[in-house]
Every structure is written in structure tokens, then in C-alpha cells.
>>> print(open('structure_10.pdb').read())   # PDB, C-alpha atoms
ATOM      1  CA  THR C   1       0.000   0.000   0.000
ATOM      2  CA  CYS C   2       2.993   2.316   0.295
ATOM      3  CA  ILE C   3       3.325   2.578  -3.481
ATOM      4  CA  THR C   4      -0.239   3.735  -3.962
ATOM      5  CA  GLY C   5       0.072   6.380  -1.237
ATOM      6  CA  GLY C   6      -1.992   4.719   1.483
ATOM      7  CA  GLN C   7       0.801   4.411   4.014
ATOM      8  CA  ASP C   8       4.177   6.015   4.646
ATOM      9  CA  TRP C   9       7.308   3.971   3.823
ATOM     10  CA  SER C  10       8.799   4.547   7.251
ATOM     11  CA  ASP C  11       5.749   3.129   9.038
ATOM     12  CA  ALA C  12       6.070  -0.132   7.156
ATOM     13  CA  ALA C  13       9.853  -0.176   7.649
ATOM     14  CA  ASP C  14       9.486   0.320  11.418
ATOM     15  CA  HIS C  15       7.156  -2.689  11.743
ATOM     16  CA  LEU C  16       9.496  -4.878   9.666
ATOM     17  CA  ALA C  17      12.520  -3.764  11.711
ATOM     18  CA  ASP C  18      10.733  -4.974  14.839
ATOM     19  CA  ILE C  19      10.452  -8.436  13.257
ATOM     20  CA  SER C  20      13.994  -8.654  11.927
ATOM     21  CA  PRO C  21      16.706  -6.194  10.790
ATOM     22  CA  MET C  22      17.166  -8.325   7.688
ATOM     23  CA  MET C  23      13.541  -7.668   6.739
ATOM     24  CA  SER C  24      14.259  -3.949   6.919
ATOM     25  CA  GLY C  25      17.157  -4.372   4.482
ATOM     26  CA  LEU C  26      15.018  -6.435   2.098
ATOM     27  CA  PHE C  27      12.312  -3.798   2.325
ATOM     28  CA  CYS C  28      14.853  -1.131   1.275
ATOM     29  CA  LEU C  29      15.773  -3.269  -1.739
ATOM     30  CA  TYR C  30      12.066  -3.633  -2.551
ATOM     31  CA  ILE C  31      11.609   0.150  -2.375
ATOM     32  CA  ALA C  32      14.616   0.727  -4.662
ATOM     33  CA  PHE C  33      13.344  -1.882  -7.129
ATOM     34  CA  ALA C  34       9.817  -0.405  -7.169
ATOM     35  CA  VAL C  35      11.061   3.164  -7.621
ATOM     36  CA  LEU C  36      13.439   2.154 -10.423
ATOM     37  CA  CYS C  37      10.636   0.273 -12.193
ATOM     38  CA  VAL C  38       8.363   3.309 -12.060
ATOM     39  CA  LEU C  39      11.155   5.603 -13.276
ATOM     40  CA  ASN C  40      11.968   3.174 -16.073
ATOM     41  CA  ILE C  41       8.354   3.144 -17.238
ATOM     42  CA  VAL C  42       8.114   6.939 -17.126
ATOM     43  CA  THR C  43      11.402   7.273 -19.015
ATOM     44  CA  GLY C  44      10.196   4.765 -21.606
ATOM     45  CA  VAL C  45       7.034   6.803 -22.190
ATOM     46  CA  PHE C  46       9.049   9.981 -22.725
ATOM     47  CA  VAL C  47      11.546   8.281 -25.047
ATOM     48  CA  GLU C  48       8.771   6.734 -27.132
ATOM     49  CA  HIS C  49       7.077  10.119 -27.429
ATOM     50  CA  ALA C  50      10.372  11.747 -28.498
ATOM     51  CA  ASN C  51      10.912   8.999 -31.105
ATOM     52  CA  SER C  52       7.450   9.507 -32.563
ATOM     53  CA  ILE C  53       8.101  13.251 -32.840
ATOM     54  CA  THR C  54      11.421  12.557 -34.578
ATOM     55  CA  ARG C  55       9.778  10.185 -37.060
ATOM     56  CA  MET C  56       7.125  12.788 -37.885
ATOM     57  CA  ASP C  57       9.842  15.431 -38.275
ATOM     58  CA  ALA C  58      11.770  13.219 -40.713
ATOM     59  CA  GLU C  59       8.604  12.629 -42.747
ATOM     60  CA  ASN C  60       7.917  16.362 -42.797
ATOM     61  CA  MET C  61      11.450  17.043 -44.004
ATOM     62  CA  VAL C  62      11.018  14.582 -46.875
ATOM     63  CA  LEU C  63       7.668  16.120 -47.844
ATOM     64  CA  GLU C  64       9.163  19.608 -47.674
ATOM     65  CA  GLU C  65      12.074  18.560 -49.913
ATOM     66  CA  LEU C  66       9.657  17.053 -52.442
ATOM     67  CA  GLN C  67       7.623  20.275 -52.471
ATOM     68  CA  THR C  68      10.783  22.352 -52.914
ATOM     69  CA  HIS C  69      11.912  20.117 -55.764
ATOM     70  CA  SER C  70       8.538  20.393 -57.467
ATOM     71  CA  LYS C  71       8.593  24.187 -57.077
ATOM     72  CA  ARG C  72      12.086  24.360 -58.605
ATOM     73  CA  MET C  73      10.988  22.270 -61.578
ATOM     74  CA  ASP C  74       8.063  24.630 -62.144
ATOM     75  CA  GLU C  75      10.410  27.619 -61.928
ATOM     76  CA  PHE C  76      12.801  26.026 -64.452
ATOM     77  CA  LYS C  77       9.883  25.394 -66.813
ATOM     78  CA  THR C  78       8.820  29.032 -66.490
ATOM     79  CA  MET C  79      12.377  30.197 -67.184
ATOM     80  CA  PHE C  80      12.589  27.946 -70.223
ATOM     81  CA  VAL C  81       9.294  29.266 -71.604
ATOM     82  CA  GLN C  82      10.535  32.840 -71.096
ATOM     83  CA  ALA C  83      13.784  32.056 -72.911
ATOM     84  CA  THR C  84      12.172  30.400 -75.933
ATOM     85  CA  SER C  85       9.708  31.554 -78.542
ATOM     86  CA  GLU C  86       6.160  30.230 -78.728
ATOM     87  CA  ASN C  87       6.784  28.693 -82.158
ATOM     88  CA  ASP C  88       9.922  26.787 -81.231
ATOM     89  CA  ARG C  89      10.278  25.480 -77.681
ATOM     90  CA  THR C  90      14.005  24.830 -78.053
ATOM     91  CA  LEU C  91      16.857  27.023 -76.909
ATOM     92  CA  THR C  92      19.867  27.840 -79.060
ATOM     93  CA  LEU C  93      23.219  29.143 -77.836
ATOM     94  CA  PRO C  94      22.632  32.726 -79.036
ATOM     95  CA  ASP C  95      19.185  32.755 -77.410
ATOM     96  CA  PHE C  96      20.605  31.368 -74.175
ATOM     97  CA  ALA C  97      23.512  33.851 -74.132
ATOM     98  CA  GLU C  98      21.061  36.722 -74.643
ATOM     99  CA  PHE C  99      18.758  35.331 -71.969
ATOM    100  CA  CYS C 100      21.650  35.083 -69.494
ATOM    101  CA  GLN C 101      22.443  38.789 -69.876
ATOM    102  CA  ASN C 102      19.304  39.602 -67.908
ATOM    103  CA  GLU C 103      20.235  40.429 -64.296
ATOM    104  CA  LYS C 104      17.115  38.743 -62.933
ATOM    105  CA  VAL C 105      18.045  35.522 -64.721
ATOM    106  CA  GLN C 106      21.584  35.698 -63.343
ATOM    107  CA  ALA C 107      20.211  36.333 -59.844
ATOM    108  CA  TYR C 108      17.896  33.340 -60.181
ATOM    109  CA  PHE C 109      20.742  31.099 -61.308
ATOM    110  CA  ARG C 110      22.884  32.323 -58.373
ATOM    111  CA  ARG C 111      20.048  31.536 -55.971
ATOM    112  CA  MET C 112      20.055  27.989 -57.324
ATOM    113  CA  GLY C 113      23.819  27.747 -56.800
ATOM    114  CA  LEU C 114      24.653  28.198 -60.484
ATOM    115  CA  HIS C 115      26.877  31.034 -61.663
ATOM    116  CA  VAL C 116      25.886  31.593 -65.268
ATOM    117  CA  ASP C 117      26.968  34.864 -66.850
ATOM    118  CA  ASN C 118      28.140  36.081 -70.249
ATOM    119  CA  GLU C 119      31.579  34.468 -69.919
ATOM    120  CA  ASN C 120      30.451  30.943 -69.140
ATOM    121  CA  ALA C 121      27.026  30.816 -70.833
ATOM    122  CA  ALA C 122      28.461  28.848 -73.773
ATOM    123  CA  ALA C 123      30.071  26.280 -71.493
ATOM    124  CA  PHE C 124      26.882  25.881 -69.485
ATOM    125  CA  PHE C 125      24.861  25.568 -72.689
ATOM    126  CA  GLY C 126      27.237  22.824 -73.856
ATOM    127  CA  PHE C 127      26.715  21.031 -70.549
ATOM    128  CA  MET C 128      22.927  21.172 -70.959
ATOM    129  CA  ASP C 129      22.979  20.100 -74.633
ATOM    130  CA  VAL C 130      23.238  16.381 -73.936
ATOM    131  CA  ASP C 131      22.493  15.182 -77.465
ATOM    132  CA  ARG C 132      24.886  17.779 -78.964
ATOM    133  CA  ASP C 133      22.442  18.983 -81.601
ATOM    134  CA  GLY C 134      22.991  22.663 -80.792
ATOM    135  CA  ARG C 135      19.533  22.991 -79.274
ATOM    136  CA  VAL C 136      18.375  22.528 -75.701
ATOM    137  CA  GLU C 137      14.896  21.205 -75.119
ATOM    138  CA  LEU C 138      12.888  21.475 -71.910
ATOM    139  CA  ASP C 139      14.011  18.144 -70.434
ATOM    140  CA  GLU C 140      17.661  18.921 -71.180
ATOM    141  CA  PHE C 141      17.282  22.363 -69.619
ATOM    142  CA  ILE C 142      15.771  20.958 -66.438
ATOM    143  CA  CYS C 143      18.363  18.177 -66.127
ATOM    144  CA  GLY C 144      21.193  20.648 -66.826
ATOM    145  CA  CYS C 145      20.041  23.087 -64.193
TER     146      CYS C 145
END
>>> encode(input="structure_10.pdb", output="C-alpha cells")
Amino acid sequence: TCITGGQDWSDAADHLADISPMMSGLFCLYIAFAVLCVLNIVTGVFVEHANSITRMDAENMVLEELQTHSKRMDEFKTMFVQATSENDRTLTLPDFAEFCQNEKVQAYFRRMGLHVDNENAAAFFGFMDVDRDGRVELDEFICGC
């Protein structure tokens, strides 16, 4: 009854000490065991709760990365449409070099970690032109960026 709060530990220990000092020692071991069990259960509850929060956080990070990736792809498509004409949705080197002269385009590329300016536009275009036909299509543009 001491564990549930009905009686004080010392009252029970005093009665056991009257019977035998060894019983008092065993009672101390019982108290230590009971307290450690309760603490272990409480700790386990907290750890399990922390693990569930961590799992949810990891899932949220993956979802956030997928949303960011999707947003980037949409932005690349918009850039490609701006750089090409409506009649021909391919990008040539002169068109790309002219497009890269725009400061907003350069700022966007820098934000993405790409440093594309007038000096290296031809090299970057060559990197994007996978099939080496002198024209970059939408899928090549997205993969190159």
C-alpha cells in the first residue's frame, strides 16, 4: 500500500525492523526496485514520445524537400518558356547567351547555386545540350540546371 500512497514507507519499515533487521534491508531493496521500475516506465514513455516526434519530423522534411523540388521544376519550366519563342520550344546558344544577360536571370541562377553569366554561358549551354544537336529542349534544360 505504500506505493499507492496509502501508508508512509517509514511506518512499514518500522514494523518490519521490529520483526527482523534483515527484513528492513530487504524492504529497502524492494523500495529501490519499485522506484526504479516506475522511473523506467516513465522514461520509456518519454523516449517513445520523443521517437514519434522525430519520425514525424523526418517525414515532414522529406515532404518539404519534395515540395521544394517540385517548385524548382516549375520555376525552371517558367524560365525555359521565357527564354524560348512560342513557335519553337528549343533554346539555341545565341538565345541562351542573350537570356543570361538579364540580371534577374543571373540572380535566379545564383540563388540555385549556379553562376551563369556572359563568360560561361556557352560552357553551361554545352553542358545542358546532352544530345549535342545545338539545341536545348525542356528536359535537357531541367536536367542541366
>>> closest_residue(input="structure_10.pdb", among="C:Glu103, C:Asp133, C:Asp139, C:Asp8", to="C:Phe80", atoms="all atoms listed in the file")
C:Asp139
>>> atom_distance(input="structure_10.pdb", atom1="atom CA of C:His69", atom2="atom CA of C:Phe141")
15.0 Å
>>> atom_distance(input="structure_10.pdb", atom1="atom CA of C:Ala121", atom2="atom CA of C:Ala97")
5.7 Å
>>> resolve_selection(input="structure_10.pdb", expression="the PyMOL selection byres ((chain C and resi 79) around 12)", output="list in words")
Arg72, Met73, Asp74, Glu75, Phe76, Lys77, Thr78, Phe80, Val81, Gln82, Ala83, Thr84, Ser85, Arg89, Leu91, Phe96, Phe99, Cys100, Asn102, Lys104, Val105, Gln106, Tyr108, Phe109, Leu138, Phe141, Ile142 and Cys145 of chain C
>>> write_last_selection(input="structure_10.pdb", atoms="C-alpha atoms", output="PDB file, in the coordinates of the input")
ATOM      1  CA  ARG C  72      12.086  24.360 -58.605  1.00  0.00           C
ATOM      2  CA  MET C  73      10.988  22.270 -61.578  1.00  0.00           C
ATOM      3  CA  ASP C  74       8.063  24.630 -62.144  1.00  0.00           C
ATOM      4  CA  GLU C  75      10.410  27.619 -61.928  1.00  0.00           C
ATOM      5  CA  PHE C  76      12.801  26.026 -64.452  1.00  0.00           C
ATOM      6  CA  LYS C  77       9.883  25.394 -66.813  1.00  0.00           C
ATOM      7  CA  THR C  78       8.820  29.032 -66.490  1.00  0.00           C
ATOM      8  CA  PHE C  80      12.589  27.946 -70.223  1.00  0.00           C
ATOM      9  CA  VAL C  81       9.294  29.266 -71.604  1.00  0.00           C
ATOM     10  CA  GLN C  82      10.535  32.840 -71.096  1.00  0.00           C
ATOM     11  CA  ALA C  83      13.784  32.056 -72.911  1.00  0.00           C
ATOM     12  CA  THR C  84      12.172  30.400 -75.933  1.00  0.00           C
ATOM     13  CA  SER C  85       9.708  31.554 -78.542  1.00  0.00           C
ATOM     14  CA  ARG C  89      10.278  25.480 -77.681  1.00  0.00           C
ATOM     15  CA  LEU C  91      16.857  27.023 -76.909  1.00  0.00           C
ATOM     16  CA  PHE C  96      20.605  31.368 -74.175  1.00  0.00           C
ATOM     17  CA  PHE C  99      18.758  35.331 -71.969  1.00  0.00           C
ATOM     18  CA  CYS C 100      21.650  35.083 -69.494  1.00  0.00           C
ATOM     19  CA  ASN C 102      19.304  39.602 -67.908  1.00  0.00           C
ATOM     20  CA  LYS C 104      17.115  38.743 -62.933  1.00  0.00           C
ATOM     21  CA  VAL C 105      18.045  35.522 -64.721  1.00  0.00           C
ATOM     22  CA  GLN C 106      21.584  35.698 -63.343  1.00  0.00           C
ATOM     23  CA  TYR C 108      17.896  33.340 -60.181  1.00  0.00           C
ATOM     24  CA  PHE C 109      20.742  31.099 -61.308  1.00  0.00           C
ATOM     25  CA  LEU C 138      12.888  21.475 -71.910  1.00  0.00           C
ATOM     26  CA  PHE C 141      17.282  22.363 -69.619  1.00  0.00           C
ATOM     27  CA  ILE C 142      15.771  20.958 -66.438  1.00  0.00           C
ATOM     28  CA  CYS C 145      20.041  23.087 -64.193  1.00  0.00           C
TER      29      CYS C 145
END
>>> atom_distance(input="structure_10.pdb", atom1="atom CA of C:Arg55", atom2="atom CA of C:Leu39")
24.3 Å
>>> axis_aligned_box(input="structure_10.pdb", around="stretch 59-64 of chain C", padding_each_side="3 Å", output="lines of an AutoDock Vina configuration file")
center_x = 9.6
center_y = 16.1
center_z = -45.3
size_x = 9.8
size_y = 13.0
size_z = 11.1
>>> closest_residue(input="structure_10.pdb", among="C:Arg111, C:Gly126, C:Asp131, C:Ala13", to="C:Leu26", atoms="only C-alpha atoms")
C:Ala13
>>> resolve_selection(input="structure_10.pdb", expression="the PyMOL selection byres ((chain C and resi 127) around 12)", output="ChimeraX atom specification")
/C:93,116,120-126,128-132,134-136,140-145
>>> closest_residue(input="structure_10.pdb", among="C:Thr68, C:Asn118, C:Ser24, C:Gln101", to="C:Ala12", atoms="only C-alpha atoms")
C:Ser24
>>> resolve_selection(input="structure_10.pdb", expression="the PyMOL selection byres ((chain C and resi 31) around 12)", output="PyMOL selection string")
chain C and resi 1-3+8-10+12-13+24-30+32-38
